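Below is one structure, written out as structure tokens; comments come after it.
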Amino acid sequence: MSKSSFLGADTIALHSGYQPESDHGSRAVPIYQTTSYVFDSVDEASALFNVEQGGHIYSRITNPTVAVLEQRLAALEGGAGAICTASGMSALFVTFFSLCSAGDHIVSAAQIYGSTVTLLKHTLKRFNIDCTFVDINDQDALAGAIQDNTKLIFCESIGNPGLAVSNLPAIADTAHQQGIPVVVDATFATPYLNNPIQHGADVVVHSVTKWIGGHGVAVGGVVIDGGNFDWLKSGRFPTLTQPYEPFHGMNFWEEFGPAALAMRIRCESMRDIGAAMTPHNAFLLLQGLETLNLRMQQHVTNAQAMVAWLQQQDAVAWVNHPDINADAHTKTLFPKGAGSMLTFGVKGGRDAGAAFINALQLSSNLANVGDSRTLVLHPGSTTHSRLSETDLVAAGISADLIRVSVGIETVKDIQADFGLGLRAAAKVAMAQLAQTEA
Amino acid sequence: MYITVDNQNTFVATGGKPFNPNLPTVVLLHGSGTDHRGWALQARWFAFHGYSVFAPDMPAHSLSAGEALTSIEAMGAWLVRALDAAKVSNVHLIGHSQGFLVALEAAVLLSKRLLSVTAMATASAIPVNPALIETAQKDPALAAQMMLQWGFGNQHQYGASAVPGMQPIGIGQRIMANNPLAIDLAACNAYTAGSKRAQQLASEGCASCVILAAQDRMTPKKEGFKLAQDLGTHAQVIADTGHMLPMEAPKQSLSIMKTFIQTLEK
């Protein structure tokens with residue numbers, strides 16, 4: 001097993017990457033709210049720009065507060081390095097941008113977040129990067145989709161919103177046999193529930209906006225370089241193994257080895273695209289990260305209670321959570337429970353579902369997940385509304401699907417709130433029935 | 001760059017600039033199970049400030065082919081052949097841990113081509129616990145973890161990094177787990193000529209520099225002080241760092257290295 005720290009996860013979340021600074025002894029990580037950093041001399045400035053010395057130049061590239069979050073997340077996931085970005089989507093973009101060039105190809109799980117589908121299917125297509133979508137757990141389909149120009153396999157460890165769990169060891173086996181890395185969006189899992197690198201993933205991406213932050217106050221993303229993939233042996237990655245002219249012909253693989261991808265993202269994407277996380281957001285996200293493990297325990301406990309409760313309600317047509325009739329790989333990958341997202345449908349279809357959401361008082365109807373508060377959404381008319389009917393089916397989204405991000409409130413209060421929603425939904429369903437009978 | 005040594009493809013990092021054998025050459029030698037990347041930052045500075053850099057991956061390490069060498073003496077002789085293959089004339093030898101033992105052996109062979117030696121986080125002998133060697137034979141990844149847990153100082157155990165966002169422990173673990181760590185450790189353990197070689201260099205008037213780490217638990221600094229005595233010089237100690245000094249304190253170690261070498265050049 002690859003390790004990046006010998007501390008336990010709870011300790012990493014609180015201490016890694018920062019010890020009280022010498023000037024004032026600040027126990028909390030300070031917010032370095034600055035754009036830039038004074039150089040000791042012209043020589044030092046030159047050394048920093050030429051990667052002869054580590055340090056900070058400009059906060060678009062690196063920032064001390066952001067670096068603490070990066071180092072904590074890399075340590076929690078067991079990676080070689082991490083780059084924080086302005087959002088989860090920008091984390092995905094800089095990853096694809098760093099590994100692919102025009103003419104390249106990606107194989108992606110079909111069941112993924114709607115905006116990621118759009119990025120892979122439409123936005124990258126404009127730059128002549130194609131994507132084939134497959135059932136990621138169908139190994140024959142996955143192997144068959146790989147082309148000579150395929151640069152990566154992409155999946156979410158728990159798909160959004162279908163909640164299928166990717167069989168990471170099997171996916172990694174198929175990918176690695178052909179010299180291709182596996183990029184995993186692990187947002188729904190968090191480092192508390194599953195560490196994809198330990199199961200064969202090569203790059204891990206999170207929207208840290210979600211459970212890692214947990215408070216719903218800051219947007220951010222991270223790319224974690226697993227450091228285990230041999231980019232040279234693969235022979236598919238000139239961006240990492242050939243000289244890079246803007247840095248005097250730097251060869252990232254030769255110079256940085258296990259951290260080659262992270263350093264390429266740092267040197268190129270952060271400079272040219274500039275999707276940097278702000279220091280204040282990094283500070284806010286660090287506050288969330290400190291209690292991630294405790295919150296995730298409560299999230300999972302509440303989700304399990306809600307699944308059991310919903311399954312007993314007459315107004316509910318179906319309930320989906322990865323732990324229901326879990327596959328063997330789900331049990332192996334998620335021994336603490338497969339997250340706090342669930343989906344369900346109410347009898348009466350989309351209209352009854354809308355009535356359910358509109359009747360809620362405690363839970364919030366909004367386009368986010370992973371807040372400490374319970375959140376609900378109808379993906380078919382919001383996050384995934386830009387997908388075609390075919391794509392919706394492939395993504396596991398039915399018209400009546402209601403997505404729930406179970407929060408950490410007292411669970412009986414969530415149940416009481418959902419009770420209000422289900423009564424409203426039942427009225428709609430009954431009215432539909434009466435209309436049909438009339 | 002890649003050169004051929006003993007008919008084997010050998011990688012030599014040059015600090016990001018084309019290698020020029022006519023410049024004074026700074027040779028950077030890695031420790032057990034590691035590779036040239038431990039010197040990434042220092043190498044770039046020398047390469048862009050009037051020196052050529054020659055930082056090889058020893059045979060069977062990371063980017064270099066061939067069979068792993070089983071003795072420090074063989075490694076020292078190999079280094080000289082590698083320098084010859086690259087047509088290097090005058091060299092400053094800098095070695096970390098095992099790398100300095102290799103430097104000691106090469107130094108004696110290089111004779112007048114040698115300009116100086118710099119020892120970093122090392123000693124004239126590096127005895128290795130047989131249990132660690134056995135673990136490295138059976139499970140290199142586990143042995144690498146044991147060494148890194150022991151090797152990095154307190155700050156790095158708490159996630160400090162000279163390069164923002166990077167995890168030196170994670171990087172080191174990946175490199176060491178894939179290199180012939182057990183063979184390197186056995187070679188260190190068997191090597192006993194270090195003190196004699198160091199005294200020989202001192203008697204010949206070789207300029208030397210010793211840089212030690214305050215929290216070094218693998219080659220404790222008291223052993224480093226003895227080495228400095230053998231070399232006829234004083235040791236400089238960098239605070240708050242462990243045995244993985246080149247990665248833990250690249251800026252501080254470079255400052256001492258370049259001051260030493262630049263003084264000699266003057």
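We name chains A, B, ... following the order of the structure tokens; residues begin at 1 in each chain, and ligands are numbered from 1 as shown.
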
I'd like the contact shell of Gly232 of chain B - 8 Å cut-off, only C-alpha atoms, skipping same-chain residues fewer than 3 positions apart - returned as a PyMOL selection string. chain B and resi 199+202+208+228-229

Applying 12 Å and only C-alpha atoms, which residues near Ser405 of chain A remain after dropping the ones on its own chain fewer than 3 positions away? List them as JSON, numbers by chain. {"A": [160, 161, 163, 188, 210, 211, 214, 296, 299, 300, 302, 303, 304, 306, 307, 321, 339, 340, 341, 342, 343, 344, 363, 364, 365, 366, 367, 368, 369, 370, 371, 372, 373, 374, 375, 376, 377, 378, 402, 408, 409, 414]}

Between atom CA of Gly194 of chain B and atom CA of Leu104 of chain B, measure the distance and give it in Å to one decimal.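 Computing it gives 6.8 Å between the two atoms.
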
For segment 174-186 of chain B, work out the shell of residues within 9 Å, counting only C-alpha atoms and skipping chain neighbours fewer than 2 positions away, then give it as number ranges by chain. A: 2-3, 80, 227-228, 257-258; B: 31-35, 60-62, 68-72, 98, 126-128, 130, 132-145, 169-172, 188-191

At most 8 Å to chain B: residues in chain A, only C-alpha atoms, as a ChimeraX atom specification: /A:1-7,12,15-19,47,50-56,62-64,67-68,70-72,74-75,78-83,227-228,248-251,254-259

Could the residues in this selection be written to a file with N, CA and C atoms, as a tab-separated table (two decimals), in the first residue's frame?
```tsv
chain	number	residue	atom	x	y	z
A	1	MET	N	0.85	-1.20	0.00
A	1	MET	CA	0.00	0.00	0.00
A	1	MET	C	0.88	1.25	0.00
A	2	SER	N	0.58	2.18	-0.88
A	2	SER	CA	1.35	3.42	-0.95
A	2	SER	C	0.89	4.38	0.15
A	3	LYS	N	1.85	4.93	0.83
A	3	LYS	CA	1.53	5.87	1.90
A	3	LYS	C	2.19	7.20	1.62
A	4	SER	N	1.58	8.26	2.10
A	4	SER	CA	2.21	9.57	2.02
A	4	SER	C	2.38	10.17	3.40
A	5	SER	N	1.87	9.50	4.41
A	5	SER	CA	1.99	10.00	5.77
A	5	SER	C	1.87	8.80	6.71
A	6	PHE	N	2.50	8.89	7.83
A	6	PHE	CA	2.41	7.82	8.83
A	6	PHE	C	1.46	8.20	9.95
A	7	LEU	N	0.79	9.32	9.79
A	7	LEU	CA	-0.21	9.75	10.76
A	7	LEU	C	-1.55	9.12	10.41
A	12	ILE	N	-4.10	13.63	10.34
A	12	ILE	CA	-3.75	14.34	9.09
A	12	ILE	C	-4.72	15.49	8.87
A	15	HIS	N	-3.68	18.28	11.35
A	15	HIS	CA	-2.30	18.79	11.54
A	15	HIS	C	-1.43	18.82	10.29
A	16	SER	N	-1.69	17.98	9.34
A	16	SER	CA	-0.72	17.80	8.26
A	16	SER	C	-0.53	19.10	7.47
A	17	GLY	N	0.71	19.37	7.12
A	17	GLY	CA	1.01	20.52	6.27
A	17	GLY	C	1.15	21.84	6.98
A	18	TYR	N	0.88	21.86	8.28
A	18	TYR	CA	1.03	23.14	9.00
A	18	TYR	C	1.34	22.88	10.46
A	19	GLN	N	2.38	23.55	10.92
A	19	GLN	CA	2.67	23.61	12.35
A	19	GLN	C	2.73	25.09	12.71
A	47	ALA	N	15.57	32.08	-9.10
A	47	ALA	CA	15.58	30.66	-8.69
A	47	ALA	C	14.16	30.12	-8.58
A	50	ASN	N	12.64	29.58	-12.01
A	50	ASN	CA	13.28	28.51	-12.76
A	50	ASN	C	13.20	27.16	-12.05
A	51	VAL	N	12.33	27.07	-11.04
A	51	VAL	CA	12.14	25.82	-10.28
A	51	VAL	C	13.47	25.30	-9.73
A	52	GLU	N	14.32	26.23	-9.30
A	52	GLU	CA	15.53	25.83	-8.60
A	52	GLU	C	15.29	25.84	-7.10
A	53	GLN	N	14.16	26.36	-6.74
A	53	GLN	CA	13.83	26.52	-5.33
A	53	GLN	C	12.32	26.43	-5.19
A	54	GLY	N	11.86	25.75	-4.14
A	54	GLY	CA	10.43	25.72	-3.88
A	54	GLY	C	10.01	27.00	-3.18
A	55	GLY	N	8.75	27.36	-3.32
A	55	GLY	CA	8.26	28.55	-2.64
A	55	GLY	C	7.14	29.18	-3.42
A	56	HIS	N	6.77	30.37	-3.00
A	56	HIS	CA	5.59	31.02	-3.58
A	56	HIS	C	6.00	32.25	-4.39
A	62	THR	N	0.62	29.25	-6.55
A	62	THR	CA	0.61	28.63	-5.22
A	62	THR	C	0.32	29.69	-4.17
A	63	ASN	N	-0.15	29.22	-3.04
A	63	ASN	CA	-0.44	30.11	-1.91
A	63	ASN	C	-0.25	29.28	-0.63
A	64	PRO	N	0.32	29.85	0.42
A	64	PRO	CA	0.61	29.04	1.62
A	64	PRO	C	-0.62	28.41	2.25
A	67	ALA	N	-1.76	25.67	0.02
A	67	ALA	CA	-0.80	24.55	0.05
A	67	ALA	C	-1.06	23.63	1.24
A	68	VAL	N	-1.50	24.18	2.36
A	68	VAL	CA	-1.81	23.32	3.52
A	68	VAL	C	-2.96	22.38	3.16
A	70	GLU	N	-3.79	21.43	0.18
A	70	GLU	CA	-3.27	20.47	-0.81
A	70	GLU	C	-2.51	19.34	-0.12
A	71	GLN	N	-1.66	19.71	0.81
A	71	GLN	CA	-0.84	18.68	1.46
A	71	GLN	C	-1.69	17.76	2.32
A	72	ARG	N	-2.71	18.30	2.96
A	72	ARG	CA	-3.61	17.44	3.76
A	72	ARG	C	-4.39	16.48	2.88
A	74	ALA	N	-3.60	15.43	-0.17
A	74	ALA	CA	-2.68	14.44	-0.74
A	74	ALA	C	-2.36	13.36	0.28
A	75	ALA	N	-2.13	13.77	1.52
A	75	ALA	CA	-1.81	12.80	2.57
A	75	ALA	C	-3.02	11.90	2.86
A	78	GLY	N	-3.32	9.41	0.17
A	78	GLY	CA	-2.12	8.63	-0.10
A	78	GLY	C	-1.49	8.95	-1.43
A	79	GLY	N	-1.54	10.22	-1.84
A	79	GLY	CA	-0.98	10.64	-3.12
A	79	GLY	C	0.40	11.25	-2.98
A	80	ALA	N	1.02	11.51	-4.14
A	80	ALA	CA	2.36	12.09	-4.16
A	80	ALA	C	2.31	13.62	-4.14
A	81	GLY	N	1.18	14.17	-4.50
A	81	GLY	CA	1.05	15.63	-4.51
A	81	GLY	C	-0.37	16.01	-4.89
A	82	ALA	N	-0.72	17.25	-4.61
A	82	ALA	CA	-2.09	17.69	-4.91
A	82	ALA	C	-2.06	19.14	-5.38
A	83	ILE	N	-3.02	19.46	-6.24
A	83	ILE	CA	-3.19	20.83	-6.70
A	83	ILE	C	-4.65	21.20	-6.44
A	227	GLY	N	0.85	9.10	-8.10
A	227	GLY	CA	2.30	8.88	-8.12
A	227	GLY	C	2.72	7.47	-8.46
A	228	ASN	N	1.77	6.59	-8.78
A	228	ASN	CA	2.12	5.19	-9.05
A	228	ASN	C	2.19	4.86	-10.53
A	248	HIS	N	12.39	25.80	-20.24
A	248	HIS	CA	13.73	25.43	-20.72
A	248	HIS	C	13.82	23.95	-21.05
A	249	GLY	N	12.76	23.40	-21.64
A	249	GLY	CA	12.80	22.00	-22.03
A	249	GLY	C	12.67	21.03	-20.88
A	250	MET	N	12.01	21.45	-19.81
A	250	MET	CA	11.86	20.57	-18.65
A	250	MET	C	11.11	19.30	-19.02
A	251	ASN	N	11.62	18.18	-18.56
A	251	ASN	CA	10.96	16.89	-18.72
A	251	ASN	C	10.39	16.53	-17.34
A	254	GLU	N	11.23	13.01	-15.89
A	254	GLU	CA	12.62	12.85	-15.46
A	254	GLU	C	12.90	13.67	-14.19
A	255	GLU	N	12.32	14.87	-14.12
A	255	GLU	CA	12.65	15.74	-12.98
A	255	GLU	C	11.85	15.41	-11.72
A	256	PHE	N	10.61	15.05	-11.89
A	256	PHE	CA	9.74	14.91	-10.71
A	256	PHE	C	9.15	13.52	-10.52
A	257	GLY	N	9.30	12.63	-11.47
A	257	GLY	CA	8.87	11.25	-11.32
A	257	GLY	C	7.44	11.10	-10.82
A	258	PRO	N	7.26	10.59	-9.61
A	258	PRO	CA	5.90	10.32	-9.12
A	258	PRO	C	5.02	11.56	-9.04
A	259	ALA	N	5.61	12.73	-9.02
A	259	ALA	CA	4.81	13.96	-8.95
A	259	ALA	C	4.77	14.68	-10.30
```

Any idea what's packed within 12 Å of Gly95 of chain B, counting only C-alpha atoms, ignoring anything in its chain fewer than 3 positions away? Could you give it as a VMD selection string? chain B and resid 26 to 32 35 to 36 38 to 39 54 to 56 76 79 92 98 to 107 116 to 124 208 to 212 245 to 246 257

Quick one: write out the picked residues with C-alpha atoms as a PDB file, in the first residue's frame?
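Saved to out_38.pdb:
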```pdb
ATOM      1  CA  VAL B  26      28.897  18.924  -9.861  1.00  0.00           C
ATOM      2  CA  VAL B  27      28.233  15.223  -9.358  1.00  0.00           C
ATOM      3  CA  LEU B  28      25.174  14.513  -7.201  1.00  0.00           C
ATOM      4  CA  LEU B  29      24.929  10.957  -5.858  1.00  0.00           C
ATOM      5  CA  HIS B  30      21.701   9.551  -4.458  1.00  0.00           C
ATOM      6  CA  GLY B  31      21.238   7.394  -1.381  1.00  0.00           C
ATOM      7  CA  SER B  32      19.973   3.833  -0.942  1.00  0.00           C
ATOM      8  CA  ASP B  35      17.355   8.367  -7.448  1.00  0.00           C
ATOM      9  CA  HIS B  36      18.391  11.666  -9.014  1.00  0.00           C
ATOM     10  CA  GLY B  38      16.142  13.853  -4.578  1.00  0.00           C
ATOM     11  CA  TRP B  39      18.418  16.526  -5.990  1.00  0.00           C
ATOM     12  CA  PHE B  54      25.908  14.967 -13.430  1.00  0.00           C
ATOM     13  CA  ALA B  55      23.295  13.252 -11.256  1.00  0.00           C
ATOM     14  CA  PRO B  56      23.116   9.609 -12.302  1.00  0.00           C
ATOM     15  CA  GLY B  76      32.629   3.931  -6.943  1.00  0.00           C
ATOM     16  CA  LEU B  79      30.882   6.120 -11.259  1.00  0.00           C
ATOM     17  CA  HIS B  92      32.924  18.201  -7.265  1.00  0.00           C
ATOM     18  CA  GLN B  98      25.125   5.901   0.658  1.00  0.00           C
ATOM     19  CA  GLY B  99      25.942   8.309  -2.160  1.00  0.00           C
ATOM     20  CA  PHE B 100      28.791   9.744  -0.131  1.00  0.00           C
ATOM     21  CA  LEU B 101      30.260   6.301   0.466  1.00  0.00           C
ATOM     22  CA  VAL B 102      30.260   5.912  -3.316  1.00  0.00           C
ATOM     23  CA  ALA B 103      31.902   9.339  -3.569  1.00  0.00           C
ATOM     24  CA  LEU B 104      34.659   8.273  -1.187  1.00  0.00           C
ATOM     25  CA  GLU B 105      35.481   5.247  -3.340  1.00  0.00           C
ATOM     26  CA  ALA B 106      35.334   7.247  -6.575  1.00  0.00           C
ATOM     27  CA  ALA B 107      37.361  10.093  -5.089  1.00  0.00           C
ATOM     28  CA  SER B 116      36.120  18.595  -3.695  1.00  0.00           C
ATOM     29  CA  VAL B 117      33.836  16.264  -1.787  1.00  0.00           C
ATOM     30  CA  THR B 118      30.640  17.162   0.058  1.00  0.00           C
ATOM     31  CA  ALA B 119      28.988  14.765   2.457  1.00  0.00           C
ATOM     32  CA  MET B 120      25.328  15.160   3.253  1.00  0.00           C
ATOM     33  CA  ALA B 121      23.488  13.356   6.061  1.00  0.00           C
ATOM     34  CA  THR B 122      25.939  10.518   6.139  1.00  0.00           C
ATOM     35  CA  ALA B 123      28.811   8.872   8.002  1.00  0.00           C
ATOM     36  CA  SER B 124      31.937   6.927   7.139  1.00  0.00           C
ATOM     37  CA  SER B 208      35.664  18.826   1.874  1.00  0.00           C
ATOM     38  CA  CYS B 209      32.356  19.900   3.312  1.00  0.00           C
ATOM     39  CA  VAL B 210      30.071  18.011   5.690  1.00  0.00           C
ATOM     40  CA  ILE B 211      26.380  18.877   6.067  1.00  0.00           C
ATOM     41  CA  LEU B 212      24.411  17.071   8.745  1.00  0.00           C
ATOM     42  CA  LEU B 245      18.105  16.193   3.993  1.00  0.00           C
ATOM     43  CA  PRO B 246      18.344  16.946   0.247  1.00  0.00           C
ATOM     44  CA  MET B 257      26.875  23.523  -1.004  1.00  0.00           C
TER      45      MET B 257
END
```

Considering only alpha helix (DSSP H) as DSSP defines it on the backbone, what residues of segment 92-295 of chain A qualify? List them as number ranges by chain. A: 92-99, 114-118, 139-145, 168-177, 190-193, 231-234, 238-241, 252-256, 260-264, 270-272, 279-290, 292-295
